[in-house]
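The file data.cif contains mmCIF, N, CA and C atoms and all ligand atoms:
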data_final
loop_
_atom_site.label_atom_id
_atom_site.label_comp_id
_atom_site.auth_asym_id
_atom_site.auth_seq_id
_atom_site.Cartn_x
_atom_site.Cartn_y
_atom_site.Cartn_z
N MET T 1 28.20 17.93 58.71
CA MET T 1 27.90 18.66 59.95
C MET T 1 28.50 20.06 59.87
N ASP T 2 27.69 21.10 60.17
CA ASP T 2 28.25 22.45 60.07
C ASP T 2 29.09 22.80 61.30
N ARG T 3 29.73 23.95 61.25
CA ARG T 3 30.67 24.33 62.31
C ARG T 3 30.01 24.38 63.69
N VAL T 4 28.81 24.96 63.75
CA VAL T 4 28.12 25.08 65.04
C VAL T 4 27.81 23.69 65.61
N GLU T 5 27.32 22.80 64.75
CA GLU T 5 26.99 21.45 65.22
C GLU T 5 28.26 20.73 65.70
N GLU T 6 29.35 20.93 64.99
CA GLU T 6 30.61 20.30 65.39
C GLU T 6 31.06 20.83 66.75
N ARG T 7 30.92 22.15 66.94
CA ARG T 7 31.35 22.73 68.22
C ARG T 7 30.45 22.28 69.37
N LYS T 8 29.15 22.18 69.10
CA LYS T 8 28.23 21.67 70.12
C LYS T 8 28.64 20.26 70.54
N LYS T 9 28.99 19.46 69.57
CA LYS T 9 29.40 18.08 69.85
C LYS T 9 30.69 18.06 70.67
N ALA T 10 31.63 18.95 70.33
CA ALA T 10 32.91 19.00 71.06
C ALA T 10 32.69 19.47 72.50
N LEU T 11 31.85 20.51 72.68
CA LEU T 11 31.56 21.00 74.03
C LEU T 11 30.89 19.90 74.84
N ARG T 12 29.97 19.21 74.21
CA ARG T 12 29.25 18.14 74.91
C ARG T 12 30.22 17.08 75.44
N SER T 13 31.16 16.73 74.61
CA SER T 13 32.13 15.73 75.01
C SER T 13 33.04 16.23 76.14
N MET T 14 33.49 17.48 76.03
CA MET T 14 34.35 18.06 77.09
C MET T 14 33.58 18.19 78.40
N PHE T 15 32.36 18.69 78.32
CA PHE T 15 31.55 18.91 79.53
C PHE T 15 31.21 17.57 80.21
N GLN T 16 30.97 16.56 79.39
CA GLN T 16 30.63 15.25 79.95
C GLN T 16 31.72 14.76 80.91
N ALA T 17 32.97 14.99 80.50
CA ALA T 17 34.10 14.53 81.32
C ALA T 17 34.16 15.29 82.65
N VAL T 18 33.65 16.52 82.67
CA VAL T 18 33.68 17.32 83.91
C VAL T 18 32.51 16.96 84.82
N ILE T 19 31.34 16.82 84.24
CA ILE T 19 30.14 16.65 85.08
C ILE T 19 29.99 15.23 85.63
N ASP T 20 30.50 14.26 84.91
CA ASP T 20 30.31 12.87 85.34
C ASP T 20 30.85 12.61 86.75
N PRO T 21 32.09 13.00 87.05
CA PRO T 21 32.58 12.74 88.42
C PRO T 21 31.87 13.59 89.48
N LEU T 22 31.14 14.60 89.05
CA LEU T 22 30.41 15.44 90.00
C LEU T 22 29.02 14.87 90.29
N GLY T 23 28.66 13.79 89.60
CA GLY T 23 27.36 13.14 89.85
C GLY T 23 26.24 13.69 88.98
N TYR T 24 26.61 14.40 87.94
CA TYR T 24 25.60 14.99 87.04
C TYR T 24 25.66 14.33 85.67
N LYS T 25 24.57 14.52 84.92
CA LYS T 25 24.49 14.08 83.53
C LYS T 25 23.78 15.17 82.74
N PHE T 26 23.84 15.08 81.42
CA PHE T 26 23.04 15.98 80.60
C PHE T 26 21.56 15.67 80.83
N SER T 27 20.75 16.71 80.78
CA SER T 27 19.32 16.51 80.94
C SER T 27 18.80 15.53 79.89
N PRO T 28 17.84 14.66 80.27
CA PRO T 28 17.22 13.78 79.27
C PRO T 28 16.38 14.56 78.26
N ASP T 29 16.12 15.84 78.55
CA ASP T 29 15.36 16.68 77.61
C ASP T 29 16.31 17.18 76.51
N GLU T 30 16.39 16.41 75.44
CA GLU T 30 17.35 16.70 74.37
C GLU T 30 17.11 18.06 73.70
N GLU T 31 15.86 18.48 73.67
CA GLU T 31 15.55 19.77 73.04
C GLU T 31 16.20 20.92 73.81
N ILE T 32 16.09 20.85 75.14
CA ILE T 32 16.71 21.88 75.99
C ILE T 32 18.24 21.83 75.85
N VAL T 33 18.78 20.62 75.87
CA VAL T 33 20.24 20.46 75.77
C VAL T 33 20.74 21.06 74.45
N ASP T 34 20.06 20.76 73.38
CA ASP T 34 20.47 21.26 72.07
C ASP T 34 20.40 22.79 72.03
N PHE T 35 19.31 23.33 72.56
CA PHE T 35 19.13 24.79 72.57
C PHE T 35 20.22 25.48 73.39
N LEU T 36 20.49 24.95 74.59
CA LEU T 36 21.47 25.60 75.48
C LEU T 36 22.89 25.48 74.92
N LEU T 37 23.21 24.33 74.35
CA LEU T 37 24.56 24.19 73.76
C LEU T 37 24.73 25.15 72.58
N GLU T 38 23.68 25.34 71.83
CA GLU T 38 23.76 26.29 70.71
C GLU T 38 24.00 27.71 71.21
N ARG T 39 23.33 28.07 72.31
CA ARG T 39 23.54 29.40 72.92
C ARG T 39 24.98 29.51 73.42
N GLU T 40 25.51 28.44 73.97
CA GLU T 40 26.88 28.49 74.48
C GLU T 40 27.89 28.65 73.35
N VAL T 41 27.63 28.01 72.23
CA VAL T 41 28.53 28.19 71.08
C VAL T 41 28.50 29.66 70.64
N ALA T 42 27.33 30.27 70.64
CA ALA T 42 27.22 31.68 70.25
C ALA T 42 27.97 32.57 71.24
N LEU T 43 27.86 32.26 72.54
CA LEU T 43 28.58 33.04 73.56
C LEU T 43 30.08 32.85 73.43
N GLU T 44 30.48 31.63 73.12
CA GLU T 44 31.90 31.35 72.93
C GLU T 44 32.42 32.10 71.70
N ASP T 45 31.63 32.15 70.65
CA ASP T 45 32.03 32.90 69.45
C ASP T 45 32.23 34.37 69.79
N LYS T 46 31.34 34.89 70.65
CA LYS T 46 31.38 36.33 70.96
C LYS T 46 32.45 36.67 71.99
N HIS T 47 32.60 35.84 73.02
CA HIS T 47 33.48 36.18 74.15
C HIS T 47 34.72 35.30 74.26
N GLY T 48 34.76 34.23 73.47
CA GLY T 48 35.89 33.32 73.55
C GLY T 48 35.76 32.30 74.68
N ILE T 49 34.65 32.33 75.40
CA ILE T 49 34.43 31.44 76.55
C ILE T 49 32.97 30.99 76.53
N PRO T 50 32.70 29.70 76.78
CA PRO T 50 31.30 29.25 76.79
C PRO T 50 30.61 29.61 78.10
N TYR T 51 30.22 30.87 78.20
CA TYR T 51 29.53 31.33 79.41
C TYR T 51 28.15 30.70 79.50
N CYS T 52 27.60 30.80 80.71
CA CYS T 52 26.26 30.29 80.96
C CYS T 52 25.24 31.05 80.11
N PRO T 53 24.35 30.32 79.44
CA PRO T 53 23.32 31.00 78.64
C PRO T 53 22.20 31.62 79.47
N CYS T 54 22.16 31.32 80.77
CA CYS T 54 21.04 31.78 81.61
C CYS T 54 21.44 32.80 82.66
N GLN T 55 22.71 33.13 82.74
CA GLN T 55 23.17 34.07 83.77
C GLN T 55 23.90 35.22 83.09
N GLY T 56 23.71 36.41 83.65
CA GLY T 56 24.27 37.60 83.01
C GLY T 56 25.78 37.74 83.25
N ILE T 57 26.49 38.16 82.22
CA ILE T 57 27.92 38.43 82.36
C ILE T 57 28.07 39.77 83.07
N MET T 58 28.87 39.78 84.16
CA MET T 58 28.98 40.98 85.00
C MET T 58 30.05 41.95 84.50
N GLY T 59 31.03 41.42 83.80
CA GLY T 59 32.10 42.30 83.31
C GLY T 59 33.30 42.34 84.24
N ASN T 60 33.25 41.57 85.33
CA ASN T 60 34.49 41.44 86.11
C ASN T 60 34.88 39.97 86.19
N ARG T 61 36.16 39.74 85.97
CA ARG T 61 36.66 38.40 85.73
C ARG T 61 36.33 37.42 86.86
N GLU T 62 36.50 37.87 88.10
CA GLU T 62 36.30 36.96 89.22
C GLU T 62 34.86 36.41 89.24
N ASP T 63 33.88 37.30 89.07
CA ASP T 63 32.49 36.85 89.06
C ASP T 63 32.18 36.06 87.79
N ASP T 64 32.71 36.52 86.68
CA ASP T 64 32.36 35.87 85.41
C ASP T 64 32.95 34.46 85.31
N MET T 65 34.07 34.19 85.97
CA MET T 65 34.62 32.84 85.95
C MET T 65 33.69 31.84 86.62
N LYS T 66 32.79 32.36 87.48
CA LYS T 66 31.84 31.48 88.18
C LYS T 66 30.64 31.12 87.33
N ILE T 67 30.56 31.68 86.14
CA ILE T 67 29.45 31.31 85.24
C ILE T 67 29.97 30.77 83.91
N VAL T 68 31.18 30.21 83.96
CA VAL T 68 31.67 29.47 82.78
C VAL T 68 31.14 28.05 82.92
N CYS T 69 30.54 27.56 81.88
CA CYS T 69 29.94 26.22 81.93
C CYS T 69 31.00 25.11 81.87
N PRO T 70 30.86 24.09 82.67
CA PRO T 70 29.86 23.82 83.70
C PRO T 70 30.26 24.52 85.02
N CYS T 71 29.36 25.33 85.55
CA CYS T 71 29.68 26.12 86.74
C CYS T 71 29.34 25.37 88.03
N ILE T 72 29.06 24.08 87.92
CA ILE T 72 28.61 23.29 89.08
C ILE T 72 29.53 23.44 90.30
N PRO T 73 30.87 23.34 90.16
CA PRO T 73 31.72 23.43 91.36
C PRO T 73 31.53 24.72 92.15
N PHE T 74 31.17 25.80 91.49
CA PHE T 74 31.00 27.09 92.19
C PHE T 74 29.64 27.20 92.87
N HIS T 75 28.70 26.36 92.49
CA HIS T 75 27.32 26.49 92.99
C HIS T 75 26.81 25.13 93.48
N ARG T 76 27.72 24.33 93.97
CA ARG T 76 27.43 22.93 94.26
C ARG T 76 26.23 22.75 95.21
N LYS T 77 26.25 23.45 96.33
CA LYS T 77 25.19 23.27 97.31
C LYS T 77 23.82 23.66 96.73
N HIS T 78 23.82 24.77 96.02
CA HIS T 78 22.59 25.26 95.41
C HIS T 78 22.06 24.26 94.38
N PHE T 79 22.91 23.82 93.48
CA PHE T 79 22.47 22.92 92.42
C PHE T 79 22.11 21.53 92.98
N ASP T 80 22.87 21.08 93.97
CA ASP T 80 22.55 19.77 94.56
C ASP T 80 21.16 19.80 95.20
N ALA T 81 20.80 20.94 95.79
CA ALA T 81 19.48 21.05 96.42
C ALA T 81 18.37 20.99 95.37
N MET T 82 18.64 21.50 94.17
CA MET T 82 17.63 21.50 93.09
C MET T 82 17.70 20.23 92.24
N LYS T 83 18.82 19.50 92.36
CA LYS T 83 19.13 18.33 91.52
C LYS T 83 19.28 18.73 90.05
N ARG T 84 19.61 19.97 89.81
CA ARG T 84 19.81 20.46 88.44
C ARG T 84 20.67 21.72 88.52
N CYS T 85 21.29 22.06 87.40
CA CYS T 85 21.98 23.35 87.38
C CYS T 85 20.94 24.42 87.11
N TRP T 86 21.35 25.65 87.19
CA TRP T 86 20.38 26.74 87.08
C TRP T 86 19.61 26.68 85.76
N CYS T 87 20.33 26.45 84.67
CA CYS T 87 19.68 26.41 83.34
C CYS T 87 18.90 25.12 83.08
N GLY T 88 19.28 24.06 83.78
CA GLY T 88 18.67 22.76 83.49
C GLY T 88 19.41 21.99 82.42
N LEU T 89 20.60 22.43 82.09
CA LEU T 89 21.40 21.67 81.11
C LEU T 89 21.86 20.34 81.72
N TYR T 90 22.17 20.40 83.02
CA TYR T 90 22.61 19.19 83.72
C TYR T 90 21.65 18.88 84.87
N VAL T 91 21.51 17.60 85.14
CA VAL T 91 20.69 17.16 86.27
C VAL T 91 21.45 16.06 87.00
N HIS T 92 21.05 15.78 88.24
CA HIS T 92 21.64 14.65 88.96
C HIS T 92 21.42 13.38 88.14
N LYS T 93 22.34 12.45 88.30
CA LYS T 93 22.28 11.22 87.49
C LYS T 93 21.00 10.42 87.68
N ASP T 94 20.36 10.55 88.86
CA ASP T 94 19.16 9.74 89.10
C ASP T 94 17.87 10.40 88.58
N VAL T 95 17.98 11.56 87.98
CA VAL T 95 16.79 12.28 87.52
C VAL T 95 16.32 11.73 86.17
N THR T 96 15.04 11.35 86.11
CA THR T 96 14.48 10.88 84.84
C THR T 96 13.43 11.85 84.29
N ASP T 97 12.89 12.70 85.17
CA ASP T 97 11.86 13.65 84.74
C ASP T 97 12.30 15.07 85.10
N PRO T 98 13.09 15.70 84.23
CA PRO T 98 13.61 17.03 84.56
C PRO T 98 12.52 18.08 84.75
N ASP T 99 11.35 17.85 84.14
CA ASP T 99 10.25 18.82 84.28
C ASP T 99 9.71 18.87 85.71
N SER T 100 10.02 17.83 86.49
CA SER T 100 9.52 17.80 87.87
C SER T 100 10.40 18.64 88.80
N LEU T 101 11.54 19.08 88.31
CA LEU T 101 12.47 19.86 89.13
C LEU T 101 12.18 21.34 88.94
N ARG T 102 12.37 22.10 90.02
CA ARG T 102 12.12 23.54 89.87
C ARG T 102 13.35 24.32 90.30
N GLN T 103 13.44 25.52 89.77
CA GLN T 103 14.51 26.42 90.19
C GLN T 103 14.17 26.94 91.59
N ILE T 104 15.16 26.96 92.45
CA ILE T 104 15.00 27.52 93.79
C ILE T 104 16.02 28.64 93.93
N PRO T 105 15.58 29.85 94.28
CA PRO T 105 16.55 30.93 94.42
C PRO T 105 17.63 30.57 95.43
N GLU T 106 18.84 31.01 95.18
CA GLU T 106 19.97 30.68 96.07
C GLU T 106 19.68 31.15 97.50
N SER T 107 18.94 32.25 97.60
CA SER T 107 18.65 32.80 98.94
C SER T 107 17.79 31.85 99.77
N GLU T 108 17.11 30.89 99.13
CA GLU T 108 16.27 29.95 99.88
C GLU T 108 17.02 28.68 100.28
N ILE T 109 18.27 28.57 99.84
CA ILE T 109 19.07 27.39 100.18
C ILE T 109 19.76 27.65 101.50
N GLU T 110 19.62 26.70 102.44
CA GLU T 110 20.28 26.85 103.74
C GLU T 110 21.77 26.84 103.58
N GLN T 111 22.45 27.81 104.15
CA GLN T 111 23.90 27.88 104.04
C GLN T 111 24.60 27.03 105.07
S1 LIG T 201 23.85 26.99 85.15
FE1 LIG T 201 24.15 25.10 83.99
S2 LIG T 201 24.29 25.71 81.86
FE2 LIG T 201 24.61 27.53 83.10
S3 LIG T 201 26.86 27.61 83.28
FE3 LIG T 201 26.06 26.57 85.07
S4 LIG T 201 26.21 24.44 84.56
FE4 LIG T 201 26.34 25.57 82.63
#
Let me see the structure of the file written as structure tokens.
Ligand code: SF4
Amino acid sequence: MDRVEERKKALRSMFQAVIDPLGYKFSPDEEIVDFLLEREVALEDKHGIPYCPCQGIMGNREDDMKIVCPCIPFHRKHFDAMKRCWCGLYVHKDVTDPDSLRQIPESEIEQ
């Protein structure tokens, strides 16, 4: 196993421990999971932190800490409404068809 594959496996194991008590699991779409974890390893190599592969780094620490994966605790209401995280790396545990879920802009979620 090469270094990137090893790191993907390690991140997967660490993230699993965080998302499980939050009621989430990795998406059943293994292709998406593999792709996103690979992007996170690249971001971690570049920035030292596995930032979100789908959200832009702002350059200020307070905002950027909210997009360190898994960012579910910072966006709980939004992600719970979609039953998925923004990227689709994680879904609610009862989701079997991730393609049936859609992204909903945060502005459309009732506060
Ligand atoms: S949107 Fe998903 S993949 Fe992106 S940081 Fe948040 S939990 Fe991770």
Inset, instruction - Excluding stretch 85-94 of chain T and residues on its chain fewer than 3 positions from it, collect all residues at most 6.5 Å away from it, counting only N, CA and C atoms, and give them as a list in words. - result: Gly23, Tyr24, Lys25, Phe26, Ser27, Ile32, Val33, Cys54, Phe79, Met82 and Asp97 of chain T
Can you sort out the box for ligand LIG 201 (chain T), edges along x, y and z, all listed atoms in, 5 Å on every side, with centre and edge lengths in Å to one decimal, as AutoDock Vina command-line options?
--center_x 25.4 --center_y 26.0 --center_z 83.5 --size_x 13.0 --size_y 13.2 --size_z 13.3
Would you write out, as a tab-separated table, a table of all residues in chain T that have an atom no more than 8 Å from an atom of ligand LIG 201 (chain T), listing for each the closest atom pair and the distance in Å to one decimal, considering all atoms listed in the file and ordering rows by chain and rising residue number?
residue	atom	partner	partner_atom	distance
T:Leu36	CA	T:LIG201	S2	7.0
T:Leu37	N	T:LIG201	S2	7.7
T:Pro50	C	T:LIG201	S3	6.7
T:Tyr51	C	T:LIG201	S3	5.0
T:Cys52	CA	T:LIG201	S3	3.6
T:Pro53	N	T:LIG201	FE2	4.6
T:Cys54	N	T:LIG201	FE2	5.1
T:Gln55	N	T:LIG201	FE2	5.9
T:Lys66	C	T:LIG201	S3	6.6
T:Ile67	C	T:LIG201	S3	4.5
T:Val68	C	T:LIG201	S3	4.3
T:Cys69	CA	T:LIG201	S3	3.6
T:Pro70	CA	T:LIG201	S4	3.8
T:Cys71	N	T:LIG201	S4	3.4
T:Ile72	N	T:LIG201	S4	4.4
T:Pro73	N	T:LIG201	S4	7.4
T:His75	N	T:LIG201	FE3	7.9
T:Arg84	C	T:LIG201	FE1	6.6
T:Cys85	C	T:LIG201	S1	4.3
T:Trp86	N	T:LIG201	S1	3.5
T:Cys87	N	T:LIG201	S1	3.6
T:Gly88	N	T:LIG201	FE1	5.0
T:Leu89	N	T:LIG201	FE1	4.8
T:Tyr90	N	T:LIG201	FE1	5.2
Inset, instruction - Just give me the gap between atom CA of T:Arg7 and atom CA of T:Val41 in Å, one decimal is fine. - result: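 According to the coordinates, atom CA of T:Arg7 and atom CA of T:Val41 are separated by 6.8 Å.
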Inset, instruction - Tell me, in Å to one decimal, how far atom C of T:Arg76 is from atom CA of T:Arg102. - result: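 Computing the Euclidean distance for atom C of T:Arg76 and atom CA of T:Arg102 yields 15.1 Å.
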Inset, instruction - Write out as a ChimeraX atom specification all residues of chain T that backbone DSSP assigns to helix (DSSP H, G or I). - result: /T:3-22,30-47,61-67,72-82,98-100,106-108
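In this structure, atom C of T:Glu40 sits 11.0 Å away from atom C of T:Glu5.
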